[in-house]
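Novice: So here's target.cif, just mmCIF, C-alpha atoms:
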```
data_entry
loop_
_atom_site.label_atom_id
_atom_site.label_comp_id
_atom_site.auth_asym_id
_atom_site.auth_seq_id
_atom_site.Cartn_x
_atom_site.Cartn_y
_atom_site.Cartn_z
CA MET M 211 -11.41 170.38 -18.24
CA SER M 212 -12.72 167.01 -19.39
CA ASN M 213 -13.18 165.64 -15.88
CA SER M 214 -15.92 166.91 -13.63
CA TYR M 215 -14.93 167.86 -10.09
CA THR M 216 -18.33 169.22 -9.06
CA ARG M 217 -18.72 167.08 -5.94
CA SER M 218 -15.13 167.71 -4.78
CA GLU M 219 -15.59 171.44 -5.31
CA ALA M 220 -18.73 171.43 -3.17
CA LEU M 221 -17.03 169.40 -0.44
CA ILE M 222 -13.91 171.56 -0.27
CA GLY M 223 -16.13 174.62 0.03
CA LYS M 224 -18.02 173.00 2.89
CA ALA M 225 -14.83 171.77 4.55
CA ARG M 226 -13.21 175.22 4.56
CA ALA M 227 -15.91 176.40 6.95
CA VAL M 228 -14.82 173.92 9.66
CA ILE M 229 -11.30 172.76 8.67
CA PRO M 230 -8.61 175.39 7.95
CA GLY M 231 -8.07 175.35 4.20
CA GLY M 232 -10.37 172.34 4.01
CA VAL M 233 -7.39 170.00 4.55
CA SER M 234 -5.77 168.28 7.54
CA SER M 235 -2.21 168.46 6.20
CA GLY M 236 -0.82 171.61 4.64
CA ASN M 237 0.79 169.86 1.67
CA ARG M 238 -2.65 168.73 0.46
CA ALA M 239 -3.70 172.32 -0.20
CA ASN M 240 -1.72 172.82 -3.43
CA TRP M 241 -3.71 170.38 -5.56
CA THR M 242 -4.91 171.46 -8.99
CA PRO M 243 -7.54 172.87 -9.53
CA PHE M 244 -8.31 172.45 -5.79
CA PRO M 245 -7.95 169.65 -3.23
CA LEU M 246 -9.97 166.66 -4.42
CA TYR M 247 -11.97 164.18 -2.35
CA TYR M 248 -11.61 160.45 -2.86
CA ALA M 249 -14.07 157.62 -2.46
CA ARG M 250 -12.01 154.43 -2.76
CA GLY M 251 -8.80 152.79 -3.92
CA ASP M 252 -8.01 149.35 -5.26
CA GLY M 253 -4.59 148.10 -6.33
CA ALA M 254 -2.97 150.78 -8.49
CA ARG M 255 -6.14 152.86 -8.94
CA VAL M 256 -8.23 155.38 -7.03
CA TRP M 257 -11.61 156.96 -7.69
CA ASP M 258 -12.63 160.44 -6.55
CA VAL M 259 -16.09 161.36 -5.30
CA ASP M 260 -17.07 162.50 -8.81
CA GLY M 261 -16.35 159.03 -10.18
CA ASN M 262 -13.10 159.95 -11.99
CA GLU M 263 -10.67 157.04 -12.14
CA TYR M 264 -6.89 157.46 -11.87
CA ILE M 265 -3.81 155.30 -12.11
CA ASP M 266 -2.38 156.28 -8.76
CA TYR M 267 1.27 157.25 -8.35
CA VAL M 268 0.67 159.18 -5.12
CA LEU M 269 0.01 156.04 -3.04
CA GLY M 270 -0.69 157.99 0.13
CA ARG M 271 2.60 159.88 -0.50
CA GLY M 272 4.59 156.72 -0.13
CA PRO M 273 3.21 154.14 2.30
CA LEU M 274 1.18 152.03 -0.13
CA ILE M 275 4.11 150.10 -1.57
CA LEU M 276 1.88 147.08 -2.17
CA GLY M 277 -0.94 149.20 -3.60
CA HIS M 278 -4.38 150.03 -2.24
CA GLY M 279 -6.23 147.41 -0.23
CA GLU M 280 -3.65 144.61 -0.15
CA PRO M 281 -5.92 141.75 1.08
CA ASP M 282 -3.42 140.07 3.41
CA VAL M 283 -2.61 143.36 5.17
CA ILE M 284 -6.30 144.26 5.49
CA ASP M 285 -7.06 140.80 6.89
CA ALA M 286 -4.26 141.00 9.46
CA VAL M 287 -5.43 144.43 10.65
CA TYR M 288 -9.08 143.29 10.77
CA ARG M 289 -8.29 140.20 12.84
CA GLN M 290 -6.28 142.26 15.33
CA LEU M 291 -9.03 144.88 15.60
CA LYS M 292 -11.47 142.11 16.52
CA ALA M 293 -9.02 140.59 19.00
CA GLY M 294 -8.26 143.91 20.68
CA GLN M 295 -7.44 147.47 19.68
CA PHE M 296 -4.74 148.28 22.24
CA PHE M 297 -3.97 147.54 25.85
CA ALA M 298 -1.45 150.08 27.19
CA GLY M 299 0.71 146.97 27.19
CA GLN M 300 2.66 144.76 24.83
CA THR M 301 1.79 142.27 22.12
CA GLU M 302 3.91 139.46 20.72
CA ALA M 303 3.71 140.99 17.24
CA GLU M 304 5.94 143.88 18.42
CA ILE M 305 8.78 141.44 19.02
CA GLU M 306 8.22 139.78 15.64
CA LEU M 307 8.27 143.10 13.79
CA ALA M 308 11.33 144.36 15.68
CA ASP M 309 13.12 141.08 14.94
CA LEU M 310 12.28 141.43 11.24
CA ILE M 311 13.56 145.01 11.07
CA CYS M 312 16.79 143.98 12.82
CA ALA M 313 17.18 141.08 10.39
CA PHE M 314 16.82 143.38 7.37
CA VAL M 315 18.64 146.55 8.44
CA GLY M 316 22.35 146.26 9.11
CA ASN M 317 22.62 148.95 11.79
CA ALA M 318 19.41 147.98 13.62
CA GLU M 319 20.21 146.17 16.87
CA MET M 320 17.20 147.47 18.80
CA VAL M 321 13.90 149.07 17.74
CA ARG M 322 11.23 151.29 19.29
CA PHE M 323 7.84 152.02 17.71
CA CYS M 324 5.94 155.29 17.39
CA ASN M 325 3.31 156.76 15.06
CA SER M 326 4.83 159.13 12.50
CA GLY M 327 8.05 160.01 10.77
CA SER M 328 8.19 163.31 12.66
CA GLU M 329 8.09 161.40 15.97
CA ALA M 330 10.75 158.93 14.87
CA VAL M 331 13.11 161.71 13.79
CA HIS M 332 12.47 163.60 17.04
CA ALA M 333 13.37 160.49 19.04
CA CYS M 334 16.60 159.97 17.07
CA ILE M 335 17.67 163.55 17.68
CA ARG M 336 16.91 163.29 21.39
CA LEU M 337 18.93 160.07 21.62
CA ALA M 338 21.86 161.63 19.76
CA ARG M 339 21.90 164.57 22.14
CA SER M 340 21.61 162.26 25.13
CA ALA M 341 24.45 160.03 23.92
CA THR M 342 26.87 162.88 23.12
CA GLY M 343 25.93 165.51 25.68
CA ARG M 344 25.81 168.02 22.81
CA GLU M 345 22.94 169.98 21.26
CA LYS M 346 23.76 171.09 17.73
CA ILE M 347 22.54 169.14 14.71
CA ILE M 348 23.92 169.38 11.16
CA ARG M 349 21.13 169.09 8.60
CA PHE M 350 20.92 169.66 4.85
CA THR M 351 18.81 172.35 3.23
CA GLY M 352 15.82 171.01 1.36
CA HIS M 353 15.71 167.75 3.31
CA TYR M 354 12.40 167.20 5.08
CA HIS M 355 12.60 165.71 8.57
CA GLY M 356 9.08 166.43 9.76
CA TRP M 357 7.38 169.57 10.99
CA TYR M 358 8.47 169.62 14.67
CA ASP M 359 9.95 172.94 15.80
CA GLY M 360 13.38 171.68 16.79
CA ILE M 361 14.34 170.35 13.33
CA ALA M 362 12.14 172.38 10.96
CA TRP M 363 14.88 174.91 10.22
CA GLY M 364 16.67 175.05 6.88
CA PHE M 365 14.12 173.11 4.84
CA SER M 366 13.71 176.18 2.61
CA GLY M 367 17.35 177.20 2.81
CA VAL M 368 19.23 179.86 4.73
CA SER M 369 19.07 183.65 5.00
CA ALA M 370 21.97 186.10 5.11
CA ASN M 371 22.79 187.97 8.30
CA SER M 372 24.19 191.50 8.52
CA ASP M 373 27.58 190.17 9.67
CA GLY M 374 27.97 188.02 6.55
CA SER M 375 26.99 184.76 8.24
CA SER M 376 23.80 182.84 7.44
CA SER M 377 20.99 181.32 9.46
CA PRO M 378 18.56 178.49 8.64
CA VAL M 379 15.09 179.69 7.64
CA PRO M 380 12.18 178.44 9.79
CA MET M 381 9.59 176.32 8.05
CA SER M 382 6.72 178.09 9.78
CA LEU M 383 5.62 181.03 11.82
CA GLY M 384 5.32 180.04 15.43
CA GLN M 385 8.70 178.34 15.74
CA PRO M 386 10.72 179.59 18.75
CA SER M 387 13.67 181.59 17.49
CA SER M 388 15.85 180.03 20.20
CA ASP M 389 15.73 176.67 18.37
CA VAL M 390 17.78 177.96 15.44
CA SER M 391 20.93 178.14 17.55
CA ASN M 392 21.09 174.35 17.59
CA ILE M 393 20.69 173.83 13.83
CA VAL M 394 23.58 174.06 11.37
CA ALA M 395 22.18 173.95 7.83
CA VAL M 396 24.49 173.17 4.90
CA GLU M 397 23.95 172.18 1.29
CA TRP M 398 23.58 168.52 0.34
CA ASN M 399 26.51 166.93 -1.49
CA ASP M 400 28.94 169.58 -0.22
CA PRO M 401 31.77 167.89 1.75
CA GLU M 402 33.59 171.16 2.38
CA ALA M 403 30.51 172.67 4.02
CA VAL M 404 30.29 169.68 6.39
CA ILE M 405 33.98 169.97 7.31
CA ASN M 406 33.59 173.70 7.95
CA ALA M 407 30.51 173.11 10.13
CA PHE M 408 32.44 170.75 12.37
CA LYS M 409 35.35 173.22 12.56
CA LYS M 410 33.11 176.15 13.41
CA CYS M 411 31.21 174.18 16.05
CA ARG M 412 34.04 172.03 17.34
CA GLY M 413 32.86 169.75 20.14
CA GLU M 414 29.26 170.93 19.83
CA ILE M 415 27.76 168.71 17.11
CA ALA M 416 25.60 165.85 18.38
CA ALA M 417 24.67 164.42 15.00
CA ILE M 418 24.33 164.77 11.27
CA ILE M 419 20.82 163.93 10.09
CA THR M 420 20.27 163.19 6.42
CA GLU M 421 17.97 161.52 3.99
CA PRO M 422 20.24 158.97 2.29
CA ILE M 423 18.59 160.05 -0.96
CA MET M 424 17.22 163.60 -0.99
CA PHE M 425 13.64 162.44 -1.38
CA ASN M 426 10.96 163.60 1.01
CA GLY M 427 10.78 167.32 0.24
CA PHE M 428 9.93 169.27 -2.90
CA TRP M 429 13.29 168.35 -4.47
CA SER M 430 12.93 164.57 -4.64
CA ASN M 431 15.19 161.85 -6.02
CA ILE M 432 18.49 163.69 -5.77
CA GLN M 433 21.20 161.08 -5.28
CA PRO M 434 24.21 161.47 -3.01
CA PHE M 435 27.55 161.88 -4.71
CA GLU M 436 29.59 158.69 -4.87
CA GLY M 437 31.13 158.23 -1.42
CA PHE M 438 29.25 161.16 0.18
CA LEU M 439 27.39 159.06 2.77
CA ARG M 440 30.60 157.26 3.68
CA PHE M 441 32.26 160.66 4.04
CA LEU M 442 29.50 161.67 6.49
CA ARG M 443 30.13 158.46 8.44
CA GLU M 444 33.84 159.26 8.64
CA GLN M 445 33.23 162.86 9.71
CA CYS M 446 30.90 161.75 12.49
CA ASP M 447 33.43 159.18 13.73
CA ALA M 448 36.25 161.73 13.64
CA ASN M 449 34.25 164.33 15.56
CA GLY M 450 32.41 162.20 18.11
CA ALA M 451 28.99 162.76 16.53
CA LEU M 452 26.27 160.31 15.54
CA LEU M 453 25.01 159.70 12.01
CA VAL M 454 21.21 159.61 11.69
CA PHE M 455 19.50 158.34 8.55
CA ASP M 456 15.98 159.61 7.93
CA GLU M 457 14.67 156.53 6.10
CA VAL M 458 11.01 157.50 6.22
CA GLN M 459 10.90 157.13 2.44
CA THR M 460 13.92 155.00 1.55
CA GLY M 461 13.69 152.32 4.23
CA PHE M 462 12.23 149.13 2.66
CA ARG M 463 11.61 150.90 -0.70
CA ILE M 464 15.07 151.14 -2.25
CA SER M 465 16.07 147.84 -0.62
CA LEU M 466 14.78 145.49 2.09
CA GLY M 467 17.75 146.70 4.11
CA GLY M 468 17.08 150.33 3.26
CA ALA M 469 19.92 152.74 2.60
CA VAL M 470 22.28 150.87 4.90
CA GLU M 471 22.17 147.92 2.51
CA HIS M 472 21.81 149.95 -0.70
CA PHE M 473 24.80 152.22 -0.05
CA GLY M 474 26.79 150.02 2.32
CA VAL M 475 27.02 152.74 4.99
CA ALA M 476 25.76 152.17 8.54
CA ALA M 477 24.08 154.93 10.49
CA ASP M 478 24.02 155.00 14.28
CA LEU M 479 20.27 155.63 14.27
CA SER M 480 17.59 155.34 11.59
CA ALA M 481 14.01 156.64 11.43
CA PHE M 482 11.36 154.65 9.55
CA ALA M 483 7.73 155.37 8.73
CA LYS M 484 6.05 155.52 5.32
CA ALA M 485 8.00 152.76 3.59
CA LEU M 486 7.75 150.62 6.73
CA SER M 487 4.05 150.92 7.38
CA GLY M 488 2.44 149.68 4.18
CA GLY M 489 -0.59 151.89 4.70
CA VAL M 490 -1.09 151.65 8.47
CA CYS M 491 -0.13 154.42 10.87
CA LEU M 492 3.18 153.23 12.26
CA ALA M 493 6.76 154.47 12.55
CA ALA M 494 9.92 153.23 14.21
CA PHE M 495 13.44 154.21 15.07
CA ALA M 496 16.30 151.77 15.34
CA GLY M 497 20.01 151.72 15.89
CA ARG M 498 23.01 150.53 17.81
CA LYS M 499 22.20 148.82 21.11
CA GLU M 500 24.46 151.05 23.20
CA VAL M 501 22.57 154.13 21.99
CA MET M 502 19.06 152.66 22.06
CA LYS M 503 19.52 151.29 25.60
CA ARG M 504 19.77 154.86 26.86
CA LEU M 505 15.96 154.82 26.76
CA VAL M 506 16.00 152.50 29.78
CA GLU M 507 19.41 153.12 31.36
CA THR M 508 19.27 156.93 31.47
CA ASN M 509 16.62 159.60 31.81
CA THR M 510 16.09 159.76 28.04
CA VAL M 511 12.35 159.72 27.59
CA HIS M 512 10.34 158.24 24.76
CA ALA M 513 6.63 157.68 25.38
CA GLY M 514 3.26 157.57 23.62
CA THR M 515 -0.10 155.96 24.30
CA TYR M 516 -0.53 154.84 20.69
CA ASN M 517 3.05 153.59 20.25
CA ALA M 518 3.05 150.04 18.83
CA TYR M 519 -0.72 150.21 18.24
CA PRO M 520 -1.42 146.47 17.67
CA PRO M 521 -3.48 146.70 14.43
CA ALA M 522 -0.74 148.87 12.91
CA VAL M 523 2.03 146.55 14.10
CA VAL M 524 0.43 143.46 12.56
CA GLY M 525 -0.30 145.39 9.36
CA ALA M 526 3.32 146.50 9.02
CA LEU M 527 4.53 143.01 9.91
CA LYS M 528 2.43 141.50 7.12
CA HIS M 529 3.58 144.25 4.74
CA LEU M 530 7.28 143.56 5.33
CA THR M 531 6.71 139.81 5.20
CA LEU M 532 5.06 140.15 1.79
CA LEU M 533 7.85 142.41 0.51
CA ALA M 534 10.47 139.88 1.59
CA ALA M 535 8.68 136.79 0.27
CA SER M 536 10.18 134.87 -2.65
CA SER M 537 13.53 136.66 -2.34
CA GLY M 538 11.89 140.07 -2.47
CA ALA M 539 9.88 139.41 -5.64
CA LYS M 540 7.38 142.22 -4.99
CA LEU M 541 10.13 144.76 -4.41
CA GLN M 542 11.87 143.60 -7.58
CA HIS M 543 8.54 144.09 -9.40
CA ILE M 544 8.33 147.66 -8.10
CA HIS M 545 11.89 148.47 -9.14
CA HIS M 546 11.35 146.95 -12.59
CA TYR M 547 8.19 148.90 -13.36
CA ALA M 548 9.60 152.11 -11.90
CA ALA M 549 12.54 151.73 -14.27
CA LEU M 550 10.11 151.19 -17.19
CA LEU M 551 8.23 154.34 -16.20
CA GLU M 552 11.47 156.29 -15.90
CA GLN M 553 12.62 155.16 -19.34
CA GLY M 554 9.27 155.97 -20.94
CA LEU M 555 9.29 159.46 -19.47
CA ARG M 556 12.93 160.04 -20.48
CA ASP M 557 12.07 159.03 -24.04
CA LEU M 558 9.25 161.59 -24.05
CA GLY M 559 11.64 164.21 -22.71
CA ARG M 560 13.89 163.73 -25.73
CA GLN M 561 10.91 164.34 -28.02
CA THR M 562 9.79 167.66 -26.56
CA GLN M 563 11.20 171.16 -26.62
CA LEU M 564 9.96 171.76 -23.08
CA PRO M 565 12.61 171.81 -20.31
CA PHE M 566 11.42 168.42 -19.05
CA LEU M 567 13.62 166.74 -16.44
CA VAL M 568 13.40 163.20 -15.05
CA ARG M 569 15.18 161.90 -11.92
CA ALA M 570 14.73 158.53 -10.23
CA SER M 571 15.68 156.17 -7.44
CA PRO M 572 14.59 152.55 -6.96
CA GLY M 573 10.79 152.56 -6.83
CA ALA M 574 10.13 156.24 -7.52
CA VAL M 575 10.45 158.84 -10.28
CA THR M 576 10.47 162.66 -10.27
CA THR M 577 9.47 164.93 -13.14
CA ALA M 578 10.15 168.66 -13.23
CA PHE M 579 10.35 171.54 -15.67
CA ARG M 580 13.64 173.31 -15.19
CA ALA M 581 15.43 175.63 -17.62
CA ALA M 582 18.90 175.72 -16.09
CA PRO M 583 22.19 174.29 -17.35
CA THR M 584 23.58 173.22 -13.97
CA GLN M 585 23.32 169.65 -12.73
CA VAL M 586 20.77 169.00 -9.98
CA ILE M 587 22.79 168.04 -6.91
CA ASN M 588 21.05 169.81 -4.02
CA HIS M 589 18.22 172.12 -2.95
CA ARG M 590 19.75 175.22 -4.52
CA SER M 591 20.42 173.71 -7.95
CA ALA M 592 17.05 171.92 -8.03
CA ALA M 593 15.22 175.20 -7.48
CA GLU M 594 17.25 177.07 -10.10
CA GLY M 595 15.19 177.72 -13.22
CA LEU M 596 12.22 175.69 -12.00
CA ASP M 597 9.05 176.57 -13.92
CA PHE M 598 6.23 176.33 -11.38
CA SER M 599 3.53 177.26 -13.89
CA LEU M 600 4.52 174.38 -16.17
CA GLN M 601 4.70 172.08 -13.16
CA ARG M 602 1.16 173.01 -12.19
CA ALA M 603 -0.13 172.63 -15.76
CA TRP M 604 1.59 169.23 -16.06
CA HIS M 605 -0.08 167.99 -12.88
CA LEU M 606 -3.51 169.05 -14.12
CA ALA M 607 -2.98 167.70 -17.65
CA LEU M 608 -2.07 164.28 -16.26
CA GLN M 609 -4.99 164.36 -13.84
CA GLU M 610 -7.34 165.10 -16.74
CA ARG M 611 -5.96 162.00 -18.46
CA GLY M 612 -6.47 159.73 -15.46
CA VAL M 613 -2.94 159.77 -14.03
CA ARG M 614 -2.44 160.96 -10.46
CA ILE M 615 0.97 162.24 -9.27
CA THR M 616 1.94 164.65 -6.49
CA PRO M 617 1.76 168.36 -7.42
CA GLU M 618 5.53 168.67 -6.97
CA GLY M 619 6.10 165.88 -9.51
CA LEU M 620 6.88 162.77 -7.46
CA TRP M 621 5.68 159.39 -8.78
CA TYR M 622 5.65 156.30 -6.55
CA VAL M 623 5.34 152.83 -8.09
CA SER M 624 3.70 149.94 -6.25
CA ALA M 625 3.60 146.17 -6.54
CA ALA M 626 0.08 146.58 -7.94
CA HIS M 627 1.18 148.52 -11.03
CA SER M 628 1.31 146.49 -14.25
CA ALA M 629 2.99 146.77 -17.64
CA ASN M 630 -0.36 147.93 -19.02
CA ASP M 631 -0.56 150.67 -16.37
CA ILE M 632 2.87 151.93 -17.39
CA ALA M 633 1.96 151.89 -21.09
CA ILE M 634 -1.29 153.80 -20.46
CA THR M 635 0.61 156.25 -18.27
CA VAL M 636 3.35 156.97 -20.81
CA ASP M 637 0.71 157.54 -23.48
CA ALA M 638 -1.13 159.95 -21.16
CA ALA M 639 2.14 161.74 -20.40
CA ARG M 640 2.80 162.10 -24.14
CA GLY M 641 -0.60 163.76 -24.58
CA ALA M 642 -0.01 165.99 -21.56
CA LEU M 643 3.33 167.20 -22.94
CA GLN M 644 1.78 167.87 -26.32
CA THR M 645 -0.92 169.96 -24.65
CA LEU M 646 1.67 171.95 -22.71
CA SER M 647 3.77 172.48 -25.86
CA SER M 648 0.80 173.96 -27.71
CA GLN M 649 -0.11 176.48 -24.99
#
```
So, in terms of structure tokens, how does the structure I just supplied come out?
Specialist:
Amino acid sequence: MSNSYTRSEALIGKARAVIPGGVSSGNRANWTPFPLYYARGDGARVWDVDGNEYIDYVLGRGPLILGHGEPDVIDAVYRQLKAGQFFAGQTEAEIELADLICAFVGNAEMVRFCNSGSEAVHACIRLARSATGREKIIRFTGHYHGWYDGIAWGFSGVSANSDGSSSPVPMSLGQPSSDVSNIVAVEWNDPEAVINAFKKCRGEIAAIITEPIMFNGFWSNIQPFEGFLRFLREQCDANGALLVFDEVQTGFRISLGGAVEHFGVAADLSAFAKALSGGVCLAAFAGRKEVMKRLVETNTVHAGTYNAYPPAVVGALKHLTLLAASSGAKLQHIHHYAALLEQGLRDLGRQTQLPFLVRASPGAVTTAFRAAPTQVINHRSAAEGLDFSLQRAWHLALQERGVRITPEGLWYVSAAHSANDIAITVDAARGALQTLSSQ
């Protein structure tokens, strides 16, 4: 390896004595050659504790749409911290941010704030069950909706039962087996499976929850079939269920109005987090007034001491304001440079004999090594023929060349990335592919 990771190696060894695995989130453990430690970030770059510099396409796994250390966001958070951390009460900025979300997102008539995507999804599911009086949720295999017990079934697929039926697989040990009875897991982009789920569980389905673009798991940037989201809307309406969009990643990244604007399909409830926050710890859920008002008109509980934490609220407010300024110029910048990156990587793919695959959505790109003839349309097809050893080698080869992506091959682009960054990156990717081809 050309880079030295001596300091990171020493720190991860020390951390493992007091922090399980040396990490505070499980998906940080699969880094190559081991989880690294970072010292600082600025714009589109980060530096690890050994002084290695990287063009950063991880961006905190999504939140840093404007890049590291956006001065206006930092200033807004700093001023609020000096004015007061939090009060177990309200601040005017909450109203401003809620108004802005409602102005952008077509289905958002009311908003509540929380702290993470997992919380926001949990609140949407609770509201859907409250509004319908039903308990079952249709979800799609491979979609990630957080790690909470009640929804963390089917992320890795389903398992066959002795009677020929199938059951969603739990994400983790420790999940109560009773929770699986309320989850119906089907494959993404499969209309027939959705119809059959409603038939099998007639009158029992509270909601369909979906990522509008299959994005936030290991199988990122898988687009819905033309008309599929509208089909889900129609099925929910026909069967008295609610449609929930998990917009943790897509909301405010693919469009200022999120998936509702991008695809022209309105959900009943939407969960926001990473693409909303801009680097602060904030999440929200929003939706139709008649559903959201159940939080005050019925015994449907949503609480949290840190909800609408004022420094996070003003940070997110500044973030969205900057994204919307000048007719969304910063978001257009992101989409433009993400498209340049996508094209550069696709060109490299045509020049190599490796099974190199590129997928994309506005603002983000996915690379994978997959030797399978079928089109990638869902969790099952994305996993077919996937070469994990090449994926791991690719991640390390890019890292050695000063380009940082997620181990599973997801690249985020920020407003801080430049044409020069993209050119350097494509050149590094060319060298990485050449190294892999010669092994």
Novice: Starting from the displayed file, determine the output of the PyMOL selection byres ((chain M and resi 649) around 12) and express the residue list as a list in words.
Specialist: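 That selection, the PyMOL selection byres ((chain M and resi 649) around 12), comes back as Leu564, Ser599, Leu600, Ala603, Trp604, Ala607, Ala642, Leu643, Gln644, Thr645, Leu646, Ser647 and Ser648 of chain M.
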Novice: Can you work out which one of M:Ala239, M:Val568, M:Ala578, M:Ala308 has the shortest atom-to-atom distance to M:Arg226, counting all atoms listed in the file?
Specialist: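 Closest residue, counting all atoms listed in the file: M:Ala239.
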Novice: So what does the PyMOL selection byres ((chain M and resi 458-470) around 8) actually pick up in this one, as number ranges by chain?
Specialist: M: 272, 275, 314-317, 327, 422-423, 425-426, 456-457, 471-477, 481-486, 530, 533-534, 538, 541, 571-573
Novice: Using the chain letters and numbers from this file, what does the PyMOL selection byres ((chain M and resi 222) around 10) select? Give the answer as an NGL selection string.
Specialist: :M and (217-221 or 223-227 or 229 or 231-233 or 244-247)
Novice: Please identify all polymer residues lying at most 7 Å from the point (16.7, 153.3, 14.1) (file coordinates), using only C-alpha atoms, and present the result as a PyMOL selection string.
Specialist: chain M and resi 318+321+479-481+494-497
Novice: Interatomic distance between atom CA of M:Ser628 and atom CA of M:Tyr248?
Specialist: 22.2 Å
Novice: Determine, counting all atoms listed in the file, which protein, DNA and RNA residues have an atom within 10 Å of an atom of M:Val283; residues of the same chain fewer than 2 positions away are not included. Present the result as a ChimeraX atom specification.
Specialist: /M:276,279-281,285-288,488-490,521-522,524-532
Novice: Work out how far atom CA of M:Leu383 is from atom CA of M:Ala403, in Å to one decimal.
Specialist: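 It comes out at 27.4 Å.
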Novice: Contacts between stretch 329-348 of chain M and stretch 429-470 of chain M, please, where a residue of stretch 429-470 of chain M counts if it comes within 9 Å (with only C-alpha atoms); show its shortest atom pair and distance in Å to one decimal, rows by chain and ascending number, as a tab-separated table.
Specialist:
```
residue	atom	partner	partner_atom	distance
M:Gly450	CA	M:Thr342	CA	7.5
M:Ala451	CA	M:Thr342	CA	6.9
M:Leu452	CA	M:Ala338	CA	6.2
M:Leu453	CA	M:Ala338	CA	8.6
M:Val454	CA	M:Cys334	CA	7.1
M:Phe455	CA	M:Val331	CA	8.9
M:Asp456	CA	M:Val331	CA	6.9
M:Val458	CA	M:Ala330	CA	8.8
```
Novice: Pick from M:Phe408, M:Phe435, M:Phe598, M:Trp357: nearest to M:Val394, with only C-alpha atoms counted?
Specialist: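 When distances to M:Val394 are compared using only C-alpha atoms, the smallest one comes from M:Phe408.
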Novice: Which value, in Å to one decimal, gives the distance between atom CA of M:His546 and atom CA of M:Trp257?
Specialist: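 We find that atom CA of M:His546 and atom CA of M:Trp257 lie 25.5 Å from each other.
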Novice: Excluding M:Arg569 and any residue of its chain fewer than 3 positions from it, enumerate the residues within 10 Å of it, using only C-alpha atoms, and give them as a list of chain:residue names.
Specialist: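 Listing them by chain and then by number gives M:Ser430, M:Asn431, M:Ile432, M:Gln433, M:Glu552, M:Leu555, M:Arg556, M:Ala574, M:Val575, M:Thr576, M:Thr577, M:Ala578, M:Val586, M:Leu620.
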Novice: Using all atoms listed in the file, which residue out of M:Asn588, M:His627, M:Pro617, M:Pro520 lies closest to M:Glu306?
Specialist: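 Once distances to M:Glu306 are computed over all atoms listed in the file, the minimum belongs to M:Pro520.
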Novice: Taking only C-alpha atoms into account, name the residue in M:His545, M:Arg412, M:Arg560, M:His605 that is nearest to M:Asn449.
Specialist: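 When distances to M:Asn449 are compared using only C-alpha atoms, the smallest one comes from M:Arg412.
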Novice: Using all atoms of stretch 404-410 of chain M listed in the file and a margin of 6 Å per side, can you give the axis-aligned box centre and edge lengths in Å to one decimal, as lines of an AutoDock Vina configuration file?
Specialist:
```
center_x = 32.8
center_y = 172.9
center_z = 9.9
size_x = 17.1
size_y = 18.5
size_z = 19.0
```
Novice: From the set M:Ala626, M:Ala362, M:Gly356, M:Val404, which residue has the shortest atom-to-atom contact distance to M:Gly384, counting only C-alpha atoms?
Specialist: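 Residue with the minimum atom-to-atom distance to M:Gly384: M:Ala362.
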Novice: At a cut-off of 10 Å, using only C-alpha atoms, what residues contact M:Leu606? Leave out same-chain residues fewer than 6 positions from it and give the result as a list in words.
Specialist: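 The residues satisfying every condition are Met211, Trp241, Thr242, Pro243, Leu600, Gly612, Val613, Arg614, Ile615, Pro617 and Ala642 of chain M.
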Novice: Using only C-alpha atoms, can you tell me which of M:Val259, M:Leu551, M:Ala298, M:Leu439 comes closest to M:Ile419?
Specialist: M:Leu439
Novice: Show me, as a list of chain:residue names, the residues that have an atom within 12 Å of M:Ile405 when counting all atoms listed in the file, minus same-chain residues fewer than 3 positions from it.
Specialist: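 Surrounding residues, per the criterion: M:Ile348, M:Val394, M:Val396, M:Glu397, M:Asn399, M:Asp400, M:Pro401, M:Glu402, M:Phe408, M:Lys409, M:Lys410, M:Cys411, M:Arg412, M:Ile415, M:Ile418, M:Phe441, M:Leu442, M:Glu444, M:Gln445, M:Cys446, M:Ala448, M:Asn449.
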Novice: What would stretch 504-510 of chain M look like with N, CA and C atoms in place, written as a PDB file, in the frame of the given file?
Specialist:
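Writing done, so here's selection-v8.pdb:
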```
ATOM      1  N   ARG M 504      19.877 153.658  26.037  1.00  0.00           N
ATOM      2  CA  ARG M 504      19.770 154.860  26.860  1.00  0.00           C
ATOM      3  C   ARG M 504      18.315 155.153  27.221  1.00  0.00           C
ATOM      4  N   LEU M 505      17.383 154.619  26.458  1.00  0.00           N
ATOM      5  CA  LEU M 505      15.960 154.820  26.760  1.00  0.00           C
ATOM      6  C   LEU M 505      15.546 154.139  28.060  1.00  0.00           C
ATOM      7  N   VAL M 506      16.317 153.171  28.508  1.00  0.00           N
ATOM      8  CA  VAL M 506      16.000 152.500  29.780  1.00  0.00           C
ATOM      9  C   VAL M 506      17.075 152.711  30.834  1.00  0.00           C
ATOM     10  N   GLU M 507      18.296 153.007  30.412  1.00  0.00           N
ATOM     11  CA  GLU M 507      19.410 153.120  31.360  1.00  0.00           C
ATOM     12  C   GLU M 507      19.679 154.544  31.798  1.00  0.00           C
ATOM     13  N   THR M 508      19.103 155.523  31.104  1.00  0.00           N
ATOM     14  CA  THR M 508      19.270 156.930  31.470  1.00  0.00           C
ATOM     15  C   THR M 508      17.909 157.612  31.411  1.00  0.00           C
ATOM     16  N   ASN M 509      17.877 158.837  31.851  1.00  0.00           N
ATOM     17  CA  ASN M 509      16.620 159.600  31.810  1.00  0.00           C
ATOM     18  C   ASN M 509      16.443 160.213  30.418  1.00  0.00           C
ATOM     19  N   THR M 510      16.362 159.349  29.422  1.00  0.00           N
ATOM     20  CA  THR M 510      16.090 159.760  28.040  1.00  0.00           C
ATOM     21  C   THR M 510      14.720 159.232  27.692  1.00  0.00           C
TER      22      THR M 510
END
```
